[in-house]
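Colleague: Input structure: upload.pdb, which contains PDB, C-alpha atoms.
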```pdb
MODEL        1
ATOM      1  CA  MET F   1     -35.680 161.447  16.045
ATOM      2  CA  PRO F   2     -36.892 157.909  15.488
ATOM      3  CA  MET F   3     -40.680 157.714  15.604
ATOM      4  CA  ILE F   4     -42.932 155.035  16.972
ATOM      5  CA  ARG F   5     -44.022 152.989  13.991
ATOM      6  CA  HIS F   6     -46.027 150.194  15.558
ATOM      7  CA  LEU F   7     -47.665 150.175  18.903
ATOM      8  CA  LYS F   8     -48.254 146.713  20.230
ATOM      9  CA  ARG F   9     -49.889 147.068  23.564
ATOM     10  CA  PRO F  10     -51.140 144.574  26.120
ATOM     11  CA  ASN F  11     -54.871 144.185  26.716
ATOM     12  CA  ILE F  12     -56.502 147.121  28.478
ATOM     13  CA  ALA F  13     -57.467 145.060  31.550
ATOM     14  CA  SER F  14     -53.792 144.278  32.197
ATOM     15  CA  VAL F  15     -52.874 147.944  31.775
ATOM     16  CA  ILE F  16     -55.580 149.011  34.246
ATOM     17  CA  ALA F  17     -54.490 146.303  36.712
ATOM     18  CA  HIS F  18     -50.867 147.487  36.363
ATOM     19  CA  TRP F  19     -51.656 151.085  37.319
ATOM     20  CA  ALA F  20     -54.165 150.092  39.995
ATOM     21  CA  ALA F  21     -51.499 147.871  41.578
ATOM     22  CA  ALA F  22     -49.004 150.747  41.395
ATOM     23  CA  TRP F  23     -51.397 153.076  43.264
ATOM     24  CA  ALA F  24     -52.313 150.363  45.763
ATOM     25  CA  MET F  25     -48.619 149.779  46.478
ATOM     26  CA  ILE F  26     -48.027 153.499  47.043
ATOM     27  CA  LEU F  27     -50.992 153.571  49.457
ATOM     28  CA  ALA F  28     -49.834 150.387  51.203
ATOM     29  CA  LEU F  29     -46.352 151.841  51.665
ATOM     30  CA  TYR F  30     -47.714 155.152  52.931
ATOM     31  CA  PHE F  31     -50.087 153.513  55.420
ATOM     32  CA  GLY F  32     -47.437 150.957  56.431
ATOM     33  CA  LEU F  33     -44.855 153.625  57.229
ATOM     34  CA  SER F  34     -47.523 155.727  58.981
ATOM     35  CA  ALA F  35     -48.579 152.729  61.086
ATOM     36  CA  VAL F  36     -44.992 152.074  62.192
ATOM     37  CA  TYR F  37     -43.585 155.604  62.514
ATOM     38  CA  GLY F  38     -46.652 157.883  62.601
ATOM     39  CA  ASN F  39     -48.521 159.304  65.571
ATOM     40  CA  GLY F  40     -52.052 158.841  64.236
ATOM     41  CA  PRO F  41     -54.617 156.178  65.176
ATOM     42  CA  HIS F  42     -52.667 152.972  64.582
ATOM     43  CA  GLN F  43     -55.715 150.707  64.381
ATOM     44  CA  GLU F  44     -57.286 152.510  61.414
ATOM     45  CA  ILE F  45     -53.982 153.085  59.622
ATOM     46  CA  PHE F  46     -52.991 149.459  60.039
ATOM     47  CA  ALA F  47     -56.365 148.357  58.641
ATOM     48  CA  ALA F  48     -55.919 150.698  55.656
ATOM     49  CA  HIS F  49     -52.422 149.261  55.118
ATOM     50  CA  ALA F  50     -53.848 145.724  55.199
ATOM     51  CA  TYR F  51     -56.636 146.536  52.707
ATOM     52  CA  ALA F  52     -54.183 148.236  50.322
ATOM     53  CA  GLY F  53     -51.890 145.213  50.557
ATOM     54  CA  LEU F  54     -54.756 142.796  49.904
ATOM     55  CA  THR F  55     -55.723 144.896  46.887
ATOM     56  CA  VAL F  56     -52.183 144.460  45.548
ATOM     57  CA  LEU F  57     -52.467 140.704  46.142
ATOM     58  CA  GLY F  58     -55.801 140.530  44.293
ATOM     59  CA  LEU F  59     -54.518 142.658  41.408
ATOM     60  CA  VAL F  60     -51.368 140.607  40.911
ATOM     61  CA  VAL F  61     -53.475 137.428  40.776
ATOM     62  CA  ILE F  62     -55.686 139.114  38.144
ATOM     63  CA  ARG F  63     -52.604 140.216  36.194
ATOM     64  CA  LEU F  64     -51.087 136.725  36.245
ATOM     65  CA  PHE F  65     -54.455 135.247  35.203
ATOM     66  CA  LEU F  66     -54.755 137.684  32.278
ATOM     67  CA  ARG F  67     -51.131 137.155  31.300
ATOM     68  CA  THR F  68     -51.742 133.405  31.118
ATOM     69  CA  LEU F  69     -55.134 133.725  29.418
ATOM     70  CA  LEU F  70     -54.375 136.353  26.778
ATOM     71  CA  PRO F  71     -51.468 136.750  24.387
ATOM     72  CA  TRP F  72     -48.768 139.204  25.456
ATOM     73  CA  PRO F  73     -46.933 141.508  23.017
ATOM     74  CA  LYS F  74     -43.375 140.591  22.184
ATOM     75  CA  GLU F  75     -40.656 142.898  23.492
ATOM     76  CA  GLU F  76     -39.475 145.361  20.858
ATOM     77  CA  SER F  77     -36.560 146.805  22.743
ATOM     78  CA  GLU F  78     -33.288 147.444  20.956
ATOM     79  CA  GLY F  79     -31.284 146.427  24.004
ATOM     80  CA  SER F  80     -28.912 143.491  24.162
ATOM     81  CA  LEU F  81     -29.938 139.942  25.033
ATOM     82  CA  THR F  82     -28.473 140.363  28.511
ATOM     83  CA  LEU F  83     -30.633 143.438  29.125
ATOM     84  CA  LYS F  84     -33.710 141.569  27.913
ATOM     85  CA  LEU F  85     -32.960 138.653  30.233
ATOM     86  CA  ILE F  86     -32.445 141.038  33.153
ATOM     87  CA  ALA F  87     -35.738 142.786  32.325
ATOM     88  CA  GLU F  88     -37.585 139.461  32.153
ATOM     89  CA  ALA F  89     -36.069 138.296  35.450
ATOM     90  CA  MET F  90     -36.955 141.616  37.064
ATOM     91  CA  HIS F  91     -40.574 141.423  35.901
ATOM     92  CA  TRP F  92     -41.065 137.940  37.326
ATOM     93  CA  THR F  93     -39.287 138.910  40.565
ATOM     94  CA  LEU F  94     -41.655 141.881  40.821
ATOM     95  CA  TYR F  95     -44.659 139.579  40.353
ATOM     96  CA  ALA F  96     -43.289 137.209  43.019
ATOM     97  CA  LEU F  97     -42.671 140.045  45.479
ATOM     98  CA  MET F  98     -46.080 141.603  44.795
ATOM     99  CA  LEU F  99     -47.530 138.226  45.715
ATOM    100  CA  LEU F 100     -45.324 137.333  48.689
ATOM    101  CA  THR F 101     -45.165 140.747  50.377
ATOM    102  CA  PRO F 102     -48.936 141.021  51.036
ATOM    103  CA  LEU F 103     -48.998 137.331  51.920
ATOM    104  CA  THR F 104     -46.358 137.708  54.641
ATOM    105  CA  GLY F 105     -48.191 140.808  55.843
ATOM    106  CA  TRP F 106     -51.421 138.786  56.020
ATOM    107  CA  ILE F 107     -49.619 136.145  58.131
ATOM    108  CA  VAL F 108     -48.480 138.901  60.521
ATOM    109  CA  ALA F 109     -51.973 140.462  60.636
ATOM    110  CA  SER F 110     -53.547 137.065  61.351
ATOM    111  CA  SER F 111     -51.375 136.576  64.421
ATOM    112  CA  MET F 112     -51.985 140.055  65.832
ATOM    113  CA  GLY F 113     -55.516 139.405  67.029
ATOM    114  CA  CYS F 114     -54.454 140.408  70.545
ATOM    115  CA  CYS F 115     -53.378 143.910  69.588
ATOM    116  CA  VAL F 116     -54.526 145.082  66.195
ATOM    117  CA  THR F 117     -57.436 143.679  64.208
ATOM    118  CA  VAL F 118     -58.409 144.199  60.597
ATOM    119  CA  PRO F 119     -62.215 144.020  60.205
ATOM    120  CA  GLY F 120     -63.288 141.497  57.605
ATOM    121  CA  LEU F 121     -59.844 139.957  57.207
ATOM    122  CA  ALA F 122     -59.930 136.174  57.445
ATOM    123  CA  ASN F 123     -57.320 134.393  59.524
ATOM    124  CA  ILE F 124     -54.890 132.997  56.987
ATOM    125  CA  ASP F 125     -54.157 129.979  59.196
ATOM    126  CA  ARG F 126     -57.765 128.843  58.784
ATOM    127  CA  LEU F 127     -57.663 129.022  54.982
ATOM    128  CA  GLY F 128     -57.511 125.535  53.510
ATOM    129  CA  SER F 129     -57.351 123.948  56.944
ATOM    130  CA  GLY F 130     -58.343 120.581  55.479
ATOM    131  CA  PHE F 131     -55.282 120.632  53.265
ATOM    132  CA  PRO F 132     -52.334 119.697  55.492
ATOM    133  CA  ILE F 133     -49.208 121.005  53.758
ATOM    134  CA  GLY F 134     -46.369 123.144  55.092
ATOM    135  CA  ARG F 135     -45.513 124.162  58.610
ATOM    136  CA  SER F 136     -46.716 126.923  60.877
ATOM    137  CA  ILE F 137     -44.668 130.112  61.006
ATOM    138  CA  SER F 138     -43.961 132.643  63.729
ATOM    139  CA  ALA F 139     -45.257 136.181  63.287
ATOM    140  CA  MET F 140     -41.809 137.636  63.952
ATOM    141  CA  THR F 141     -40.180 135.652  61.131
ATOM    142  CA  ALA F 142     -43.014 136.624  58.779
ATOM    143  CA  TYR F 143     -42.637 140.276  59.809
ATOM    144  CA  GLN F 144     -38.864 140.308  59.223
ATOM    145  CA  VAL F 145     -39.299 138.740  55.786
ATOM    146  CA  HIS F 146     -42.183 141.175  55.050
ATOM    147  CA  VAL F 147     -39.935 144.154  55.796
ATOM    148  CA  PHE F 148     -37.128 142.693  53.663
ATOM    149  CA  PHE F 149     -39.578 142.115  50.795
ATOM    150  CA  VAL F 150     -40.903 145.670  51.068
ATOM    151  CA  TRP F 151     -37.460 147.263  50.698
ATOM    152  CA  THR F 152     -36.511 144.854  47.904
ATOM    153  CA  LEU F 153     -39.799 145.667  46.166
ATOM    154  CA  LEU F 154     -39.115 149.390  46.495
ATOM    155  CA  ALA F 155     -35.635 148.963  45.016
ATOM    156  CA  LEU F 156     -37.009 146.926  42.104
ATOM    157  CA  ILE F 157     -39.843 149.416  41.483
ATOM    158  CA  SER F 158     -37.266 152.215  41.324
ATOM    159  CA  LEU F 159     -35.275 150.192  38.793
ATOM    160  CA  HIS F 160     -38.510 149.407  36.887
ATOM    161  CA  VAL F 161     -39.443 153.101  36.623
ATOM    162  CA  THR F 162     -35.880 154.056  35.654
ATOM    163  CA  ALA F 163     -35.827 151.343  32.976
ATOM    164  CA  ALA F 164     -39.216 152.487  31.618
ATOM    165  CA  LEU F 165     -37.981 156.088  31.330
ATOM    166  CA  PHE F 166     -34.726 154.844  29.799
ATOM    167  CA  HIS F 167     -36.713 152.937  27.164
ATOM    168  CA  HIS F 168     -38.822 156.010  26.394
ATOM    169  CA  PHE F 169     -36.107 158.663  26.240
ATOM    170  CA  ILE F 170     -32.975 156.721  25.239
ATOM    171  CA  PHE F 171     -34.123 153.686  23.234
ATOM    172  CA  ARG F 172     -37.280 155.517  22.022
ATOM    173  CA  ASP F 173     -39.282 152.316  21.767
ATOM    174  CA  THR F 174     -42.923 151.604  22.715
ATOM    175  CA  ILE F 175     -42.285 149.782  26.009
ATOM    176  CA  PHE F 176     -43.320 152.802  28.107
ATOM    177  CA  VAL F 177     -45.993 154.222  25.797
ATOM    178  CA  ARG F 178     -47.909 150.978  25.471
ATOM    179  CA  MET F 179     -48.613 150.949  29.213
ATOM    180  CA  ILE F 180     -50.118 154.456  29.149
ATOM    181  CA  PRO F 181     -53.472 154.360  27.318
ATOM    182  CA  VAL F 182     -53.655 158.153  26.834
ATOM    183  CA  LEU F 183     -50.253 158.371  25.166
ATOM    184  CA  GLY F 184     -50.997 155.229  23.192
ATOM    185  CA  ARG F 185     -54.255 156.676  21.821
ATOM    186  CA  ARG F 186     -52.455 159.842  20.822
ATOM    187  CA  ALA F 187     -49.740 157.943  18.995
ATOM    188  CA  VAL F 188     -51.834 155.311  17.287
ATOM    189  CA  SER F 189     -55.012 153.413  17.889
ATOM    190  CA  VAL F 190     -54.245 149.762  17.592
ATOM    191  CA  SER F 191     -56.699 147.981  19.797
ATOM    192  CA  ALA F 192     -56.074 144.584  18.321
ATOM    193  CA  SER F 193     -52.414 144.838  17.505
ATOM    194  CA  CYS F 194     -51.058 142.644  20.242
ATOM    195  CA  ALA F 195     -51.655 139.558  18.146
ATOM    196  CA  SER F 196     -49.077 140.631  15.551
ATOM    197  CA  ALA F 197     -46.434 140.787  18.212
ATOM    198  CA  ASN F 198     -47.046 137.307  19.470
ATOM    199  CA  SER F 199     -45.492 134.044  18.564
ATOM    200  CA  PRO F 200     -46.808 132.200  15.487
ATOM    201  CA  SER F 201     -48.836 129.918  17.740
ATOM    202  CA  ASP F 202     -50.452 132.914  19.367
ATOM    203  CA  GLN F 203     -51.191 134.401  15.975
ATOM    204  CA  GLN F 204     -52.957 131.200  15.032
ATOM    205  CA  ASN F 205     -54.875 131.345  18.272
ATOM    206  CA  ASP F 206     -56.009 134.926  17.932
ATOM    207  CA  PRO F 207     -58.669 135.648  15.318
ATOM    208  CA  ARG F 208     -57.838 139.359  15.367
ATOM    209  CA  ALA F 209     -54.313 138.839  14.073
ATOM    210  CA  ASP F 210     -55.263 140.114  10.608
ATOM    211  CA  ASP F 211     -56.052 143.564  11.978
ATOM    212  CA  ALA F 212     -52.660 143.961  13.518
ATOM    213  CA  GLY F 213     -49.746 146.202  12.704
ATOM    214  CA  MET F 214     -51.430 149.518  11.923
ATOM    215  CA  GLU F 215     -49.040 152.385  11.336
ATOM    216  CA  GLU F 216     -48.890 155.653  13.146
ATOM    217  CA  ARG F 217     -51.306 158.307  11.963
TER     218      ARG F 217
ATOM    219  CA  MET E   1       7.743 157.910  63.469
ATOM    220  CA  GLU E   2       9.352 155.137  65.461
ATOM    221  CA  GLY E   3       6.135 154.496  67.362
ATOM    222  CA  MET E   4       4.108 154.405  64.153
ATOM    223  CA  SER E   5       6.418 151.867  62.581
ATOM    224  CA  GLU E   6       6.051 149.723  65.687
ATOM    225  CA  ASN E   7       2.286 150.017  65.482
ATOM    226  CA  GLY E   8       2.249 149.120  61.797
ATOM    227  CA  PRO E   9       1.804 145.355  62.214
ATOM    228  CA  VAL E  10      -0.796 145.927  64.946
ATOM    229  CA  MET E  11      -2.815 148.270  62.711
ATOM    230  CA  SER E  12      -2.561 145.840  59.827
ATOM    231  CA  HIS E  13      -3.780 143.032  62.067
ATOM    232  CA  MET E  14      -6.651 145.198  63.322
ATOM    233  CA  ASN E  15      -7.683 146.065  59.774
ATOM    234  CA  GLN E  16      -7.615 142.393  58.871
ATOM    235  CA  VAL E  17      -9.731 141.506  61.889
ATOM    236  CA  SER E  18     -12.264 144.250  61.151
ATOM    237  CA  SER E  19     -12.559 143.248  57.477
ATOM    238  CA  ASN E  20     -13.017 139.622  58.505
ATOM    239  CA  GLY E  21     -15.670 140.817  60.901
ATOM    240  CA  ILE E  22     -17.576 142.592  58.168
ATOM    241  CA  VAL E  23     -17.408 139.579  55.873
ATOM    242  CA  GLU E  24     -18.536 137.306  58.678
ATOM    243  CA  GLN E  25     -21.351 139.664  59.553
ATOM    244  CA  LEU E  26     -22.492 139.827  55.939
ATOM    245  CA  LEU E  27     -22.334 136.054  55.582
ATOM    246  CA  GLY E  28     -24.240 135.647  58.837
ATOM    247  CA  LEU E  29     -26.876 138.130  57.707
ATOM    248  CA  ALA E  30     -27.246 136.402  54.331
ATOM    249  CA  GLY E  31     -27.485 133.015  56.038
ATOM    250  CA  ARG E  32     -30.129 134.177  58.498
ATOM    251  CA  LEU E  33     -32.091 135.858  55.719
ATOM    252  CA  SER E  34     -31.959 132.762  53.507
ATOM    253  CA  ALA E  35     -33.128 130.599  56.401
ATOM    254  CA  ARG E  36     -36.060 132.931  57.100
ATOM    255  CA  LEU E  37     -36.978 133.066  53.416
ATOM    256  CA  LEU E  38     -36.966 129.276  53.298
ATOM    257  CA  ILE E  39     -39.132 129.089  56.432
ATOM    258  CA  VAL E  40     -41.632 131.541  54.926
ATOM    259  CA  LEU E  41     -41.726 129.895  51.505
ATOM    260  CA  THR E  42     -42.346 126.454  53.014
ATOM    261  CA  SER E  43     -44.918 127.652  55.536
ATOM    262  CA  ALA E  44     -48.482 126.382  55.338
ATOM    263  CA  PRO E  45     -50.226 129.686  54.411
ATOM    264  CA  VAL E  46     -47.780 130.502  51.606
ATOM    265  CA  LEU E  47     -47.858 126.974  50.168
ATOM    266  CA  LYS E  48     -51.668 126.911  50.243
ATOM    267  CA  VAL E  49     -52.012 130.272  48.513
ATOM    268  CA  LEU E  50     -49.378 129.307  45.929
ATOM    269  CA  ALA E  51     -51.218 126.024  45.292
ATOM    270  CA  ALA E  52     -54.463 127.961  44.783
ATOM    271  CA  LEU E  53     -52.661 130.342  42.408
ATOM    272  CA  VAL E  54     -51.281 127.441  40.372
ATOM    273  CA  LEU E  55     -54.842 126.083  40.049
ATOM    274  CA  VAL E  56     -56.148 129.474  38.902
ATOM    275  CA  LEU E  57     -53.361 129.781  36.327
ATOM    276  CA  ALA E  58     -54.027 126.229  35.134
ATOM    277  CA  VAL E  59     -57.687 127.193  34.559
ATOM    278  CA  ALA E  60     -56.532 130.274  32.597
ATOM    279  CA  LEU E  61     -54.226 128.131  30.458
ATOM    280  CA  LEU E  62     -57.007 125.626  29.840
ATOM    281  CA  LEU E  63     -59.375 128.425  28.800
ATOM    282  CA  ARG E  64     -56.751 129.819  26.449
ATOM    283  CA  LEU E  65     -56.229 126.421  24.829
ATOM    284  CA  LEU E  66     -59.990 125.863  24.517
ATOM    285  CA  VAL E  67     -60.541 129.251  22.895
ATOM    286  CA  ALA E  68     -57.645 128.618  20.507
ATOM    287  CA  LYS E  69     -59.041 125.217  19.560
ATOM    288  CA  ARG E  70     -62.517 126.655  18.964
ATOM    289  CA  THR E  71     -61.063 129.482  16.854
ATOM    290  CA  LEU E  72     -59.128 127.017  14.710
ATOM    291  CA  GLN E  73     -62.225 124.848  14.221
ATOM    292  CA  SER E  74     -64.479 127.734  13.130
TER     293      SER E  74
ENDMDL
END
```
Could you quickly redo this structure as structure tokens?

Modeller:
Amino acid sequence: MPMIRHLKRPNIASVIAHWAAAWAMILALYFGLSAVYGNGPHQEIFAAHAYAGLTVLGLVVIRLFLRTLLPWPKEESEGSLTLKLIAEAMHWTLYALMLLTPLTGWIVASSMGCCVTVPGLANIDRLGSGFPIGRSISAMTAYQVHVFFVWTLLALISLHVTAALFHHFIFRDTIFVRMIPVLGRRAVSVSASCASANSPSDQQNDPRADDAGMEER
Amino acid sequence: MEGMSENGPVMSHMNQVSSNGIVEQLLGLAGRLSARLLIVLTSAPVLKVLAALVLVLAVALLLRLLVAKRTLQS
């Protein structure tokens, strides 16, 4: 069985944001389905759905900020170039959907003041009101696109999880392990190893590059 | 058997019509969906939030370049 030789993991803040976003999405989906199909108090469930969705929005902004600010480990997968391109496209589509799905939901929530209100949620139409770009949008259109985004997001998350398990059990690379801090610590402790996996420019930029590339204990 | 052979062209025509219907329905659905996506992506709230996100990412990139420059200098 091939063993994991080098573990090049992303920064811990990105890993935490990844799992927090995953849990927030599960909660948002649960509360969203309960609000539409459930028999409970719709007002509270809808508010919980909105807060979970806003958490996803905040976390994806944090993840994109960290991904731009800090170096990101290079992919070590043994898959073909086509698979790598598909994986890259899927990751960026996931980021886009994690951004646009809560945003369309926020548009819907902002126009439902008559029926359902979310305490503390600002009206999105008033944000940046002195900045006249774009057109107004109907709540129904935003809702239909929101629902489409949700199901597309679910399909992509299923593919994402399947691909992660495939990497772990079939390719036996570090793609899955590096996103799970507990497994990563058990395999090898390489807190500063991400620099070795980066491009030469990133290696020049990162002063910790010399500590990189520790082998498994 | 005779009746079935007479109905053959009719059945074939019906199949053709129904398959055209499905294709048309799918194309219509894709067209409507694309139009709605375009409306949402060009709407004021989405454009404003995306503009804010681009600014935030530009700040992150600037910080990264500044840190890299400082590291190279020291």

Colleague: For chain F, which of E:Ala30, E:Leu41, E:Ile22, E:Ala60 is the closest residue, counting all atoms listed in the file?

Modeller: E:Ala60

Colleague: Within 9 Å of chain E, which residues of chain F show up when using all atoms listed in the file, listed as a compact mmCIF listing (two decimals) with C-alpha atoms, keeping the file's coordinate frame?

Modeller:
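So the final result, stored in part25.txt, reads:
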```txt
# COMPACT_ATOMS: atom_id res chain seq x y z
CA VAL F 61 -53.48 137.43 40.78
CA LEU F 64 -51.09 136.72 36.24
CA PHE F 65 -54.46 135.25 35.20
CA LEU F 66 -54.76 137.68 32.28
CA ARG F 67 -51.13 137.16 31.30
CA THR F 68 -51.74 133.40 31.12
CA LEU F 69 -55.13 133.72 29.42
CA LEU F 70 -54.38 136.35 26.78
CA PRO F 71 -51.47 136.75 24.39
CA LEU F 100 -45.32 137.33 48.69
CA LEU F 103 -49.00 137.33 51.92
CA THR F 104 -46.36 137.71 54.64
CA ILE F 107 -49.62 136.15 58.13
CA ILE F 124 -54.89 133.00 56.99
CA ASP F 125 -54.16 129.98 59.20
CA ARG F 126 -57.76 128.84 58.78
CA LEU F 127 -57.66 129.02 54.98
CA GLY F 128 -57.51 125.54 53.51
CA PHE F 131 -55.28 120.63 53.26
CA PRO F 132 -52.33 119.70 55.49
CA ILE F 133 -49.21 121.00 53.76
CA GLY F 134 -46.37 123.14 55.09
CA ARG F 135 -45.51 124.16 58.61
CA SER F 136 -46.72 126.92 60.88
CA ILE F 137 -44.67 130.11 61.01
CA THR F 141 -40.18 135.65 61.13
CA ALA F 142 -43.01 136.62 58.78
CA GLN F 144 -38.86 140.31 59.22
CA VAL F 145 -39.30 138.74 55.79
CA PHE F 148 -37.13 142.69 53.66
CA ASP F 202 -50.45 132.91 19.37
CA GLN F 204 -52.96 131.20 15.03
CA ASN F 205 -54.88 131.34 18.27
CA ASP F 206 -56.01 134.93 17.93
CA PRO F 207 -58.67 135.65 15.32
```

Colleague: What does the PyMOL selection byres ((chain F and resi 180) around 10) select in this file, as a PDB file with C-alpha atoms, keeping the file's coordinate frame?

Modeller:
```pdb
ATOM      1  CA  ARG F   9     -49.889 147.068  23.564  1.00  0.00           C
ATOM      2  CA  ILE F  12     -56.502 147.121  28.478  1.00  0.00           C
ATOM      3  CA  VAL F  15     -52.874 147.944  31.775  1.00  0.00           C
ATOM      4  CA  ILE F  16     -55.580 149.011  34.246  1.00  0.00           C
ATOM      5  CA  TRP F  19     -51.656 151.085  37.319  1.00  0.00           C
ATOM      6  CA  ILE F 175     -42.285 149.782  26.009  1.00  0.00           C
ATOM      7  CA  PHE F 176     -43.320 152.802  28.107  1.00  0.00           C
ATOM      8  CA  VAL F 177     -45.993 154.222  25.797  1.00  0.00           C
ATOM      9  CA  ARG F 178     -47.909 150.978  25.471  1.00  0.00           C
ATOM     10  CA  MET F 179     -48.613 150.949  29.213  1.00  0.00           C
ATOM     11  CA  PRO F 181     -53.472 154.360  27.318  1.00  0.00           C
ATOM     12  CA  VAL F 182     -53.655 158.153  26.834  1.00  0.00           C
ATOM     13  CA  LEU F 183     -50.253 158.371  25.166  1.00  0.00           C
ATOM     14  CA  GLY F 184     -50.997 155.229  23.192  1.00  0.00           C
ATOM     15  CA  ARG F 185     -54.255 156.676  21.821  1.00  0.00           C
TER      16      ARG F 185
END
```

Colleague: Residues within 10 Å of (-55.7, 147.9, 50.0), file coordinates, counting only C-alpha atoms: what are they? Give the list as a ChimeraX atom specification.

Modeller: /F:21,23-28,31,47-58,102

Colleague: Near F:Ser34, counting all atoms listed in the file, which residues have an atom at most 10 Å away, once you skip same-chain residues fewer than 6 positions from it, shown as a PyMOL selection string?

Modeller: chain F and resi 28+40-42+45-46+49

Colleague: Expressed in Å to a single decimal, how great is the separation between atom CA of F:Lys74 and atom CA of F:His160?

Modeller: 17.8 Å

Colleague: Name the closest residue to F:Trp72 among the candidates F:Val36, F:Gly130, F:Asn11, F:Gly120; distances are taken between atoms, counting only C-alpha atoms.

Modeller: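 The shortest atom-to-atom distance to F:Trp72 comes from F:Asn11.
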
Colleague: May I ask for the distance between atom CA of F:Ala139 and atom CA of E:Leu26, given in Å to one decimal place?

Modeller: 24.2 Å

Colleague: I want to know what sits within 7 Å of stretch 82-95 of chain F, based on all atoms listed in the file, with residues of the same chain fewer than 2 positions away left out; could you give that as a VMD selection string?

Modeller: chain F and resid 60 79 to 80 97 to 99 153 156

Colleague: Would you mind exporting the chosen residues as a PDB file, keeping the file's coordinate frame, restricted to C-alpha atoms?

Modeller:
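Contents of part_8.pdb, freshly written:
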```pdb
ATOM      1  CA  VAL F  60     -51.368 140.607  40.911  1.00  0.00           C
ATOM      2  CA  GLY F  79     -31.284 146.427  24.004  1.00  0.00           C
ATOM      3  CA  SER F  80     -28.912 143.491  24.162  1.00  0.00           C
ATOM      4  CA  LEU F  97     -42.671 140.045  45.479  1.00  0.00           C
ATOM      5  CA  MET F  98     -46.080 141.603  44.795  1.00  0.00           C
ATOM      6  CA  LEU F  99     -47.530 138.226  45.715  1.00  0.00           C
ATOM      7  CA  LEU F 153     -39.799 145.667  46.166  1.00  0.00           C
ATOM      8  CA  LEU F 156     -37.009 146.926  42.104  1.00  0.00           C
TER       9      LEU F 156
END
```

Colleague: At what distance in Å, to one decimal, does atom CA of F:Glu44 lie from atom CA of F:Ile157?

Modeller: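 Separation of atom CA of F:Ile157 and atom CA of F:Glu44: 26.7 Å.
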